[in-house]
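What's in input_38.txt: compact mmCIF, C-alpha atoms and all ligand atoms
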```
# COMPACT_ATOMS: atom_id res chain seq x y z
CA MET E 26 2.09 7.56 30.29
CA PRO E 27 1.99 6.70 26.57
CA SER E 28 5.05 8.13 24.84
CA PHE E 29 3.12 10.63 22.73
CA TRP E 30 2.04 12.50 25.85
CA LYS E 31 5.69 12.97 26.68
CA HIS E 32 6.12 14.61 23.26
CA VAL E 33 3.02 16.73 23.64
CA ASN E 34 4.10 17.95 27.06
CA LYS E 35 7.56 18.80 25.78
CA VAL E 36 6.08 20.84 22.95
CA LEU E 37 3.67 22.56 25.33
CA ARG E 38 6.64 23.55 27.49
CA GLU E 39 8.95 24.69 24.69
CA ALA E 40 6.60 26.48 22.31
CA GLU E 41 4.99 29.87 22.89
CA ILE E 42 2.32 29.38 20.25
CA ILE E 43 0.50 26.11 19.62
CA ILE E 44 -1.08 25.43 16.26
CA GLU E 45 -3.91 22.91 16.42
CA VAL E 46 -4.29 21.48 12.91
CA LEU E 47 -7.86 20.54 11.95
CA ASP E 48 -9.25 18.77 8.88
CA ALA E 49 -11.55 21.11 6.91
CA ARG E 50 -13.88 18.22 6.16
CA MET E 51 -14.43 17.38 9.84
CA ILE E 52 -13.44 20.40 11.87
CA ASP E 53 -15.37 19.55 15.04
CA ASP E 54 -14.37 15.89 14.98
CA THR E 55 -10.68 16.74 14.73
CA ARG E 56 -10.64 19.19 17.61
CA ASN E 57 -8.93 17.70 20.63
CA PHE E 58 -10.43 19.37 23.68
CA GLU E 59 -8.06 17.55 26.01
CA ILE E 60 -5.13 19.23 24.27
CA GLU E 61 -6.92 22.57 24.08
CA LYS E 62 -7.39 22.45 27.85
CA LYS E 63 -3.70 21.68 28.32
CA ILE E 64 -2.71 24.57 26.06
CA GLU E 65 -4.76 26.83 28.31
CA GLN E 66 -3.28 25.35 31.49
CA PHE E 67 0.23 25.90 30.16
CA GLY E 68 -0.75 29.50 29.39
CA LYS E 69 0.17 29.20 25.72
CA LYS E 70 -1.50 30.91 22.75
CA ILE E 71 -3.58 28.69 20.50
CA LEU E 72 -3.96 29.16 16.76
CA TYR E 73 -6.41 26.94 14.88
CA VAL E 74 -5.22 26.02 11.43
CA VAL E 75 -7.87 24.41 9.25
CA ASN E 76 -6.04 22.38 6.60
CA LYS E 77 -7.18 20.53 3.45
CA CYS E 78 -9.46 23.43 2.46
CA ASP E 79 -9.00 22.33 -1.16
CA LEU E 80 -11.43 19.49 -0.36
CA VAL E 81 -14.29 21.71 0.85
CA SER E 82 -16.27 24.47 -0.86
CA LYS E 83 -15.70 28.07 0.18
CA LYS E 84 -19.41 28.45 0.90
CA GLU E 85 -19.22 25.77 3.57
CA LEU E 86 -16.10 27.21 5.17
CA ASP E 87 -16.97 30.89 5.41
CA PRO E 88 -19.37 30.66 8.38
CA LEU E 89 -16.82 28.58 10.29
CA LYS E 90 -14.19 31.28 10.04
CA ARG E 91 -16.15 33.43 12.46
CA LYS E 92 -16.63 30.53 14.89
CA LEU E 93 -12.97 29.59 15.32
CA VAL E 94 -10.83 32.43 16.64
CA PRO E 95 -7.98 32.92 15.98
CA SER E 96 -7.86 30.73 12.91
CA VAL E 97 -6.25 30.48 9.51
CA PHE E 98 -7.68 28.37 6.68
CA ILE E 99 -5.16 26.78 4.36
CA SER E 100 -4.40 24.07 1.87
CA SER E 101 -0.91 22.68 2.38
CA LYS E 102 -1.31 20.74 -0.82
CA ASP E 103 -2.00 23.81 -2.95
CA HIS E 104 0.16 26.16 -0.85
CA LEU E 105 -2.83 28.40 -0.19
CA GLY E 106 -2.96 30.54 2.94
CA THR E 107 0.62 29.91 4.02
CA THR E 108 1.70 33.54 3.74
CA ILE E 109 -1.29 34.58 5.86
CA LEU E 110 -0.34 31.89 8.36
CA LYS E 111 3.21 33.22 8.71
CA LYS E 112 1.82 36.72 9.16
CA LYS E 113 -0.61 35.51 11.82
CA ILE E 114 2.18 33.73 13.72
CA LEU E 115 4.27 36.90 13.78
CA GLU E 116 1.24 38.93 14.79
CA LEU E 117 0.74 36.61 17.80
CA SER E 118 4.46 36.80 18.69
CA ARG E 119 4.38 40.59 18.22
CA GLY E 120 7.15 40.29 15.65
CA LYS E 121 9.52 38.51 18.04
CA PRO E 122 11.34 35.23 17.23
CA VAL E 123 9.03 32.41 18.23
CA THR E 124 8.79 28.64 18.64
CA VAL E 125 5.55 27.17 17.33
CA GLY E 126 4.32 23.69 18.30
CA VAL E 127 2.14 21.84 15.79
CA LEU E 128 -0.38 19.45 17.33
CA GLY E 129 -3.43 17.59 16.06
CA TYR E 130 -5.02 14.26 15.23
CA PRO E 131 -3.01 11.79 13.15
CA ASN E 132 -3.08 12.42 9.39
CA VAL E 133 -4.62 15.91 9.45
CA GLY E 134 -1.58 17.27 7.63
CA LYS E 135 0.72 18.61 10.35
CA SER E 136 3.93 17.68 8.53
CA SER E 137 2.52 18.84 5.18
CA LEU E 138 1.71 22.21 6.71
CA ILE E 139 5.27 22.57 7.97
CA ASN E 140 6.58 21.71 4.52
CA ALA E 141 4.31 24.29 2.95
CA LEU E 142 5.76 26.88 5.35
CA ALA E 143 9.39 25.84 5.22
CA GLY E 144 9.80 24.45 1.73
CA LYS E 145 9.31 20.93 0.52
CA GLY E 146 10.88 18.01 2.28
CA ALA E 147 11.59 19.74 5.59
CA ALA E 148 9.25 17.38 7.45
CA ARG E 149 8.43 13.89 6.26
CA THR E 150 4.81 13.08 5.39
CA SER E 151 2.75 10.04 4.46
CA SER E 152 -0.83 9.05 3.73
CA GLU E 153 -0.28 6.47 6.46
CA SER E 154 -1.43 7.84 9.82
CA GLY E 155 0.97 7.77 12.75
CA TYR E 156 3.84 8.53 10.43
CA THR E 157 5.72 11.16 12.36
CA LYS E 158 7.53 9.70 15.34
CA GLY E 159 8.96 11.93 18.06
CA VAL E 160 9.33 15.69 17.92
CA GLN E 161 11.11 17.23 14.92
CA LYS E 162 12.41 20.78 14.80
CA VAL E 163 12.10 22.63 11.52
CA ARG E 164 13.27 26.19 10.88
CA VAL E 165 10.84 28.15 8.70
CA ASP E 166 12.79 31.43 8.62
CA ASN E 167 14.94 33.51 10.94
CA LYS E 168 11.99 34.25 13.21
CA ILE E 169 9.91 31.07 13.17
CA LEU E 170 10.96 27.65 14.48
CA VAL E 171 8.34 24.88 14.31
CA LEU E 172 8.04 21.65 16.25
CA ASP E 173 6.38 18.79 14.38
CA THR E 174 4.77 16.09 16.52
CA PRO E 175 3.19 12.66 16.12
CA GLY E 176 -0.61 12.90 15.92
CA VAL E 177 -2.63 12.36 19.08
CA PHE E 178 -6.27 11.80 19.88
CA PRO E 179 -7.88 12.22 23.29
CA GLN E 180 -6.64 9.58 25.73
CA ARG E 181 -10.04 8.14 26.49
CA GLU E 182 -11.37 8.31 22.95
CA LYS E 183 -11.97 4.81 21.60
CA ASP E 184 -14.20 5.80 18.71
CA LEU E 185 -12.92 3.55 15.95
CA VAL E 186 -15.57 4.70 13.49
CA LYS E 187 -14.56 8.32 13.89
CA HIS E 188 -10.84 7.47 13.68
CA GLY E 189 -11.47 5.68 10.41
CA MET E 190 -13.48 8.58 9.05
CA ILE E 191 -10.88 11.21 9.82
CA GLY E 192 -8.04 8.98 8.65
CA ALA E 193 -6.46 8.74 12.11
CA GLN E 194 -6.72 4.99 11.51
CA SER E 195 -5.59 4.15 7.99
CA TYR E 196 -8.00 2.41 5.59
CA GLU E 197 -5.68 -0.56 5.32
CA LYS E 198 -5.73 -1.20 9.05
CA ILE E 199 -9.39 -0.63 9.91
CA LYS E 200 -10.86 -3.80 11.39
CA ASN E 201 -14.50 -3.23 10.38
CA PRO E 202 -14.28 -1.18 7.19
CA GLU E 203 -17.94 -1.75 6.38
CA ILE E 204 -19.20 -0.14 9.59
CA VAL E 205 -16.91 2.86 9.14
CA ALA E 206 -17.72 3.26 5.45
CA LEU E 207 -21.48 3.09 6.08
CA GLU E 208 -21.20 5.83 8.68
CA LEU E 209 -19.13 7.93 6.28
CA ILE E 210 -21.66 7.38 3.49
CA ASN E 211 -24.44 8.37 5.85
CA GLU E 212 -22.70 11.63 6.78
CA LYS E 213 -21.33 12.59 3.37
CA LYS E 214 -24.05 11.07 1.25
CA VAL E 215 -24.34 13.62 -1.55
CA MET E 216 -20.57 13.82 -2.05
CA ILE E 217 -20.34 10.06 -2.29
CA GLN E 218 -23.34 9.65 -4.59
CA LYS E 219 -21.75 12.19 -6.91
CA LYS E 220 -18.26 10.76 -6.77
CA TYR E 221 -19.37 7.23 -7.72
CA ASN E 222 -22.34 8.32 -9.78
CA VAL E 223 -24.86 6.20 -7.85
CA THR E 224 -28.46 7.15 -7.18
CA GLU E 225 -29.33 4.82 -4.29
CA ASP E 226 -30.23 6.52 -1.02
CA ASP E 227 -29.75 3.91 1.68
CA PRO E 228 -26.06 3.65 2.78
CA ASP E 229 -26.07 -0.16 2.48
CA GLU E 230 -27.47 0.07 -1.01
CA ILE E 231 -24.99 2.77 -1.99
CA LEU E 232 -22.09 0.61 -0.85
CA GLU E 233 -23.51 -2.37 -2.69
CA ALA E 234 -23.89 -0.30 -5.86
CA ILE E 235 -20.26 0.80 -5.57
CA ALA E 236 -19.16 -2.83 -5.21
CA VAL E 237 -21.09 -3.79 -8.33
CA LYS E 238 -19.84 -0.79 -10.26
CA PHE E 239 -16.21 -1.63 -9.57
CA LYS E 240 -16.77 -5.35 -10.06
CA LEU E 241 -15.85 -6.07 -6.45
CA VAL E 242 -17.56 -9.40 -5.95
CA VAL E 243 -16.95 -12.55 -3.91
CA SER E 244 -17.32 -16.08 -5.26
CA GLY E 245 -20.95 -16.63 -6.21
CA GLY E 246 -21.08 -13.11 -7.62
CA LYS E 247 -22.27 -11.38 -4.44
CA PRO E 248 -20.98 -7.81 -3.87
CA ASN E 249 -17.80 -7.74 -1.81
CA MET E 250 -18.85 -5.17 0.78
CA ASP E 251 -15.55 -5.31 2.62
CA ALA E 252 -13.57 -4.46 -0.51
CA ALA E 253 -16.03 -1.73 -1.50
CA ALA E 254 -15.82 -0.26 2.00
CA ARG E 255 -12.03 -0.16 1.87
CA LYS E 256 -12.15 1.48 -1.55
CA VAL E 257 -14.46 4.24 -0.30
CA LEU E 258 -12.32 4.77 2.80
CA LYS E 259 -9.16 4.87 0.72
CA ASP E 260 -10.65 7.45 -1.66
CA TRP E 261 -11.85 9.52 1.29
CA GLN E 262 -8.61 9.35 3.22
CA THR E 263 -6.48 10.20 0.20
CA GLY E 264 -8.63 13.20 -0.67
CA LYS E 265 -10.26 11.80 -3.81
CA ILE E 266 -13.82 12.57 -2.63
CA VAL E 267 -14.24 16.32 -2.98
N1 LIG E 301 -6.04 17.27 -0.23
C1 LIG E 301 -5.13 17.58 0.70
N2 LIG E 301 -4.41 16.60 1.27
C2 LIG E 301 -3.50 16.95 2.20
C3 LIG E 301 -3.30 18.29 2.60
N3 LIG E 301 -2.34 18.31 3.56
C4 LIG E 301 -1.97 17.02 3.75
N4 LIG E 301 -2.65 16.18 2.94
C5 LIG E 301 -2.52 14.71 2.85
O1 LIG E 301 -2.84 14.16 4.11
C6 LIG E 301 -2.02 13.02 4.40
C7 LIG E 301 -1.33 13.18 5.73
O2 LIG E 301 -0.40 14.24 5.68
P1 LIG E 301 0.75 14.39 6.78
O3 LIG E 301 1.31 15.75 6.62
O4 LIG E 301 1.67 13.24 6.78
O5 LIG E 301 -0.14 14.34 8.12
P2 LIG E 301 0.34 14.36 9.63
O6 LIG E 301 -0.69 15.11 10.40
O7 LIG E 301 1.74 14.85 9.73
O8 LIG E 301 0.25 12.81 9.99
P3 LIG E 301 0.97 11.99 11.20
O9 LIG E 301 2.42 12.37 11.21
O10 LIG E 301 0.75 10.58 10.79
O11 LIG E 301 0.24 12.35 12.44
C8 LIG E 301 -1.04 12.93 3.22
O12 LIG E 301 -1.54 11.96 2.32
C9 LIG E 301 -1.07 14.31 2.61
O13 LIG E 301 -0.77 14.30 1.23
C10 LIG E 301 -4.09 19.34 1.96
O14 LIG E 301 -4.00 20.53 2.22
N5 LIG E 301 -4.99 18.89 1.03
MG MG E 302 3.40 13.95 10.45
```
Please go through the file and, once you have read it, give me the structure as structure tokens.
Amino acid sequence: MPSFWKHVNKVLREAEIIIEVLDARMIDDTRNFEIEKKIEQFGKKILYVVNKCDLVSKKELDPLKRKLVPSVFISSKDHLGTTILKKKILELSRGKPVTVGVLGYPNVGKSSLINALAGKGAARTSSESGYTKGVQKVRVDNKILVLDTPGVFPQREKDLVKHGMIGAQSYEKIKNPEIVALELINEKKVMIQKKYNVTEDDPDEILEAIAVKFKLVVSGGKPNMDAAARKVLKDWQTGKIV
């Protein structure tokens, strides 16, 4: 059993409420149904927390609020929604002292969320995915204790393109950045056209235009697609494409 499952199981045993942290830009892709099933099997309460809402427009998010129940939408970065989140946790615990496990894909902002709740620096964070190792206990206040965990994706999921897009695999480590970037461009085309101010429509052409724009070329003057792809993925993963 890979070691992260040991951590997940421990948290599922110890916590009464489990927060599943999702990325507002890719809510469905960051849901881990394997974990959700386990939460149910363990008889624990689930609370969906959609993080990074600062990167998505309110118009896009509103319809999703009715779909995910119970859920709280927050931005750890801007400290938005954290008071509502604390209130929701205490509502689920009926005001009693409670241990809350925080689970989710790598890099969705689990540690950042805990910091936003508990005060800066309580849990360590990084733009590098797979940063948190082992389970960390953080006290938020006299009623709420949170367990931070390393990110996990479904055991059988081998979707490297998706992992690159959600930042579960960091842009520096992705083996085929071009394939991942093209898929991202295809899915988030308007955002990317706007961000880099390019008018091309075909993903390959968009990536090429970005390479030219940023003078990313290989010897002979041809666009360096690999470098352009890594740039796009870096900007996406670090929240620069809004
Ligand atoms: N824009 C934006 N970025 C965020 C937000 N929350 C976290 N991030 C960024 O997302 C990256 C990952 O944050 P972490 O809190 O380390 O994520 P994690 O889920 O704990 O990651 P692992 O421990 O690697 O699984 C960091 O670069 C954060 O700055 C948010 O609300 N908005
Ligand atoms: Mg972490």
Can you pull out the residues contacting Val133 (chain E)? Cut-off 7 Å, using all atoms listed in the file, and skip same-chain residues under 4 positions away; I want them as a PDB file with C-alpha atoms, in the coordinates of the input.
```pdb
ATOM      1  CA  VAL E  46      -4.290  21.480  12.910  1.00  0.00           C
ATOM      2  CA  LEU E  47      -7.860  20.540  11.950  1.00  0.00           C
ATOM      3  CA  ASP E  48      -9.250  18.770   8.880  1.00  0.00           C
ATOM      4  CA  GLY E 129      -3.430  17.590  16.060  1.00  0.00           C
TER       5      GLY E 129
END
```
Legend entry - Option closest in space to ligand LIG 301 (chain E), from E:Val215, E:Val177, E:Ile199, E:Val36 [counting all atoms listed in the file]: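 Of E:Val215, E:Val177, E:Ile199, E:Val36, the one nearest ligand LIG 301 (chain E) is E:Val177, counting all atoms listed in the file.
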Legend entry - Distance of CA of Tyr130 (chain E) from CA of Gly144 (chain E), expressed in Å to one decimal place: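 Atom-to-atom, CA of Gly144 (chain E) and CA of Tyr130 (chain E) are spaced 22.5 Å apart.
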For chain E versus ligand LIG 301 (chain E), which residues have an atom no more than 6 Å away, and what is each residue's nearest atom pair and distance in Å rounded to one decimal, using all atoms listed in the file, chain-then-number order, as a tab-separated table?
```
residue	atom	partner	partner_atom	distance
E:Asn76	CA	E:LIG301	O14	5.2
E:Lys77	CA	E:LIG301	O14	3.4
E:Asp79	CA	E:LIG301	N5	5.7
E:Leu80	CA	E:LIG301	N1	5.8
E:Ser100	CA	E:LIG301	O14	3.6
E:Ser101	CA	E:LIG301	O14	3.8
E:Lys102	CA	E:LIG301	O14	4.1
E:Pro131	CA	E:LIG301	O11	3.4
E:Asn132	CA	E:LIG301	O8	3.4
E:Val133	CA	E:LIG301	O6	4.1
E:Gly134	CA	E:LIG301	O5	3.3
E:Lys135	CA	E:LIG301	O6	3.8
E:Ser136	CA	E:LIG301	O3	3.8
E:Ser137	CA	E:LIG301	O3	3.6
E:Thr150	CA	E:LIG301	O4	3.4
E:Ser151	CA	E:LIG301	O4	4.1
E:Ser152	CA	E:LIG301	O12	3.3
E:Ser154	CA	E:LIG301	O10	3.6
E:Gly155	CA	E:LIG301	O10	3.4
E:Tyr156	CA	E:LIG301	O10	3.7
E:Thr157	CA	E:LIG301	O9	3.7
E:Pro175	CA	E:LIG301	O11	4.7
E:Gly176	CA	E:LIG301	O11	3.6
E:Thr263	CA	E:LIG301	O12	5.7
E:Gly264	CA	E:LIG301	N1	4.8
```
Legend entry - Between CA of Ile42 (chain E) and CA of Thr108 (chain E) - distance in Å to one decimal: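 Rounded to one decimal, the two atoms are 17.0 Å apart.
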Legend entry - Using all atoms listed in the file: which of E:Ile231, E:Ile217, E:Val160, E:Leu207 has the shortest distance to ligand MG 302 (chain E):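 Under the stated criterion, the closest residue is E:Val160.
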Legend entry - Among listed residues E:Ile99, E:Val123, E:Met51, E:Leu128, nearest Leu209 (chain E) (using all atoms listed in the file):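 Of E:Ile99, E:Val123, E:Met51, E:Leu128, the one nearest Leu209 (chain E), counting all atoms listed in the file, is E:Met51.
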Inset, instruction - Using all atoms listed in the file, find the one residue out of E:Ile43, E:Gly120, E:Ile114, E:Lys200 that sits nearest to Lys62 (chain E). - result: E:Ile43
Inset, instruction - Counting only C-alpha atoms, note down every residue that has an atom within 12 Å of the point (-18.3, -6.9, 0.8) (file coordinates), as a PyMOL selection string. - result: chain E and resi 201-204+206-207+229-230+232-237+239-244+246-257
Put those residues in a file: C-alpha atoms, as a short mmCIF file (atom, residue, chain, number, x, y, z; two decimals), keeping the file's coordinate frame.
```cif
data_model
loop_
_atom_site.label_atom_id
_atom_site.label_comp_id
_atom_site.auth_asym_id
_atom_site.auth_seq_id
_atom_site.Cartn_x
_atom_site.Cartn_y
_atom_site.Cartn_z
CA ASN E 201 -14.50 -3.23 10.38
CA PRO E 202 -14.28 -1.18 7.19
CA GLU E 203 -17.94 -1.75 6.38
CA ILE E 204 -19.20 -0.14 9.59
CA ALA E 206 -17.72 3.26 5.45
CA LEU E 207 -21.48 3.09 6.08
CA ASP E 229 -26.07 -0.16 2.48
CA GLU E 230 -27.47 0.07 -1.01
CA LEU E 232 -22.09 0.61 -0.85
CA GLU E 233 -23.51 -2.37 -2.69
CA ALA E 234 -23.89 -0.30 -5.86
CA ILE E 235 -20.26 0.80 -5.57
CA ALA E 236 -19.16 -2.83 -5.21
CA VAL E 237 -21.09 -3.79 -8.33
CA PHE E 239 -16.21 -1.63 -9.57
CA LYS E 240 -16.77 -5.35 -10.06
CA LEU E 241 -15.85 -6.07 -6.45
CA VAL E 242 -17.56 -9.40 -5.95
CA VAL E 243 -16.95 -12.55 -3.91
CA SER E 244 -17.32 -16.08 -5.26
CA GLY E 246 -21.08 -13.11 -7.62
CA LYS E 247 -22.27 -11.38 -4.44
CA PRO E 248 -20.98 -7.81 -3.87
CA ASN E 249 -17.80 -7.74 -1.81
CA MET E 250 -18.85 -5.17 0.78
CA ASP E 251 -15.55 -5.31 2.62
CA ALA E 252 -13.57 -4.46 -0.51
CA ALA E 253 -16.03 -1.73 -1.50
CA ALA E 254 -15.82 -0.26 2.00
CA ARG E 255 -12.03 -0.16 1.87
CA LYS E 256 -12.15 1.48 -1.55
CA VAL E 257 -14.46 4.24 -0.30
#
```
Inset, instruction - Counting only C-alpha atoms and all ligand atoms, figure out which residue out of E:Lys213, E:Lys92, E:Lys158, E:Lys83 gets nearest to ligand MG 302 (chain E). - result: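 The closest residue to ligand MG 302 (chain E) is E:Lys158.
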Legend entry - Two-atom distance - CA of Asn34 (chain E), CA of Ile60 (chain E) (Å):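 CA of Ile60 (chain E) lies 9.7 Å from CA of Asn34 (chain E).
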Inset, instruction - Could you give me, as a list in words, the residues within 8 Å of region 225-228 of chain E, counting all atoms listed in the file and dropping anything in the same chain fewer than 5 positions from it? - result: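 Skipping anything fewer than 5 positions along the chain leaves Leu207, Glu208, Ile210, Asn211, Lys214, Gln218 and Ala234 of chain E.
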Legend entry - Pick from E:Asp53, E:Glu153, E:Asp87, E:Asp173, whichever lies nearest to Gly189 (chain E) using all atoms listed in the file: E:Glu153
Inset, instruction - Write out as JSON, numbers by chain the residues lying within 10 Å of His188 (chain E), counting only C-alpha atoms and excluding same-chain residues fewer than 4 positions away. - result: {"E": [54, 55, 130, 131, 178, 182, 183, 184, 192, 193, 194, 195, 196, 199, 205]}
Legend entry - Spatial neighbours of Arg38 (chain E), max dist 10 Å, only C-alpha atoms, sep filter under 2 positions, as a VMD selection string: chain E and resid 32 to 36 40 to 41 64 67 to 69 126
Could you add the missing atoms to region 100-121 of chain E, up to N, CA and C atoms, and return them as a tab-separated table (two decimals), in the coordinates of the input?
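Here's the written file out11.tsv:
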```
chain	number	residue	atom	x	y	z
E	100	SER	N	-4.59	25.36	2.52
E	100	SER	CA	-4.40	24.07	1.87
E	100	SER	C	-2.90	23.88	1.72
E	101	SER	N	-2.36	22.94	2.47
E	101	SER	CA	-0.91	22.68	2.38
E	101	SER	C	-0.59	22.15	1.00
E	102	LYS	N	-1.53	21.37	0.47
E	102	LYS	CA	-1.31	20.74	-0.82
E	102	LYS	C	-1.15	21.81	-1.91
E	103	ASP	N	-2.03	22.79	-1.90
E	103	ASP	CA	-2.00	23.81	-2.95
E	103	ASP	C	-1.22	25.06	-2.53
E	104	HIS	N	-0.59	25.00	-1.36
E	104	HIS	CA	0.16	26.16	-0.85
E	104	HIS	C	-0.71	27.40	-0.77
E	105	LEU	N	-1.94	27.25	-0.34
E	105	LEU	CA	-2.83	28.40	-0.19
E	105	LEU	C	-2.93	28.77	1.28
E	106	GLY	N	-2.79	30.06	1.57
E	106	GLY	CA	-2.96	30.54	2.94
E	106	GLY	C	-1.69	30.51	3.77
E	107	THR	N	-0.58	30.05	3.20
E	107	THR	CA	0.62	29.91	4.02
E	107	THR	C	1.26	31.26	4.36
E	108	THR	N	1.14	32.21	3.45
E	108	THR	CA	1.70	33.54	3.74
E	108	THR	C	0.90	34.19	4.87
E	109	ILE	N	-0.43	34.03	4.79
E	109	ILE	CA	-1.29	34.58	5.86
E	109	ILE	C	-0.95	33.91	7.18
E	110	LEU	N	-0.67	32.62	7.13
E	110	LEU	CA	-0.34	31.89	8.36
E	110	LEU	C	0.94	32.44	8.99
E	111	LYS	N	1.96	32.64	8.17
E	111	LYS	CA	3.21	33.22	8.71
E	111	LYS	C	2.94	34.59	9.33
E	112	LYS	N	2.13	35.38	8.65
E	112	LYS	CA	1.82	36.72	9.16
E	112	LYS	C	1.11	36.64	10.50
E	113	LYS	N	0.17	35.69	10.59
E	113	LYS	CA	-0.61	35.51	11.82
E	113	LYS	C	0.30	35.08	12.98
E	114	ILE	N	1.24	34.18	12.68
E	114	ILE	CA	2.18	33.73	13.72
E	114	ILE	C	2.97	34.92	14.26
E	115	LEU	N	3.46	35.75	13.34
E	115	LEU	CA	4.27	36.90	13.78
E	115	LEU	C	3.42	37.95	14.47
E	116	GLU	N	2.16	38.01	14.10
E	116	GLU	CA	1.24	38.93	14.79
E	116	GLU	C	1.09	38.47	16.24
E	117	LEU	N	0.91	37.15	16.44
E	117	LEU	CA	0.74	36.61	17.80
E	117	LEU	C	2.03	36.75	18.62
E	118	SER	N	3.19	36.69	17.96
E	118	SER	CA	4.46	36.80	18.69
E	118	SER	C	4.91	38.25	18.79
E	119	ARG	N	4.09	39.15	18.28
E	119	ARG	CA	4.38	40.59	18.22
E	119	ARG	C	5.72	40.85	17.51
E	120	GLY	N	5.96	40.07	16.46
E	120	GLY	CA	7.15	40.29	15.65
E	120	GLY	C	8.43	39.68	16.21
E	121	LYS	N	8.31	39.09	17.41
E	121	LYS	CA	9.52	38.51	18.04
E	121	LYS	C	9.78	37.09	17.53
```
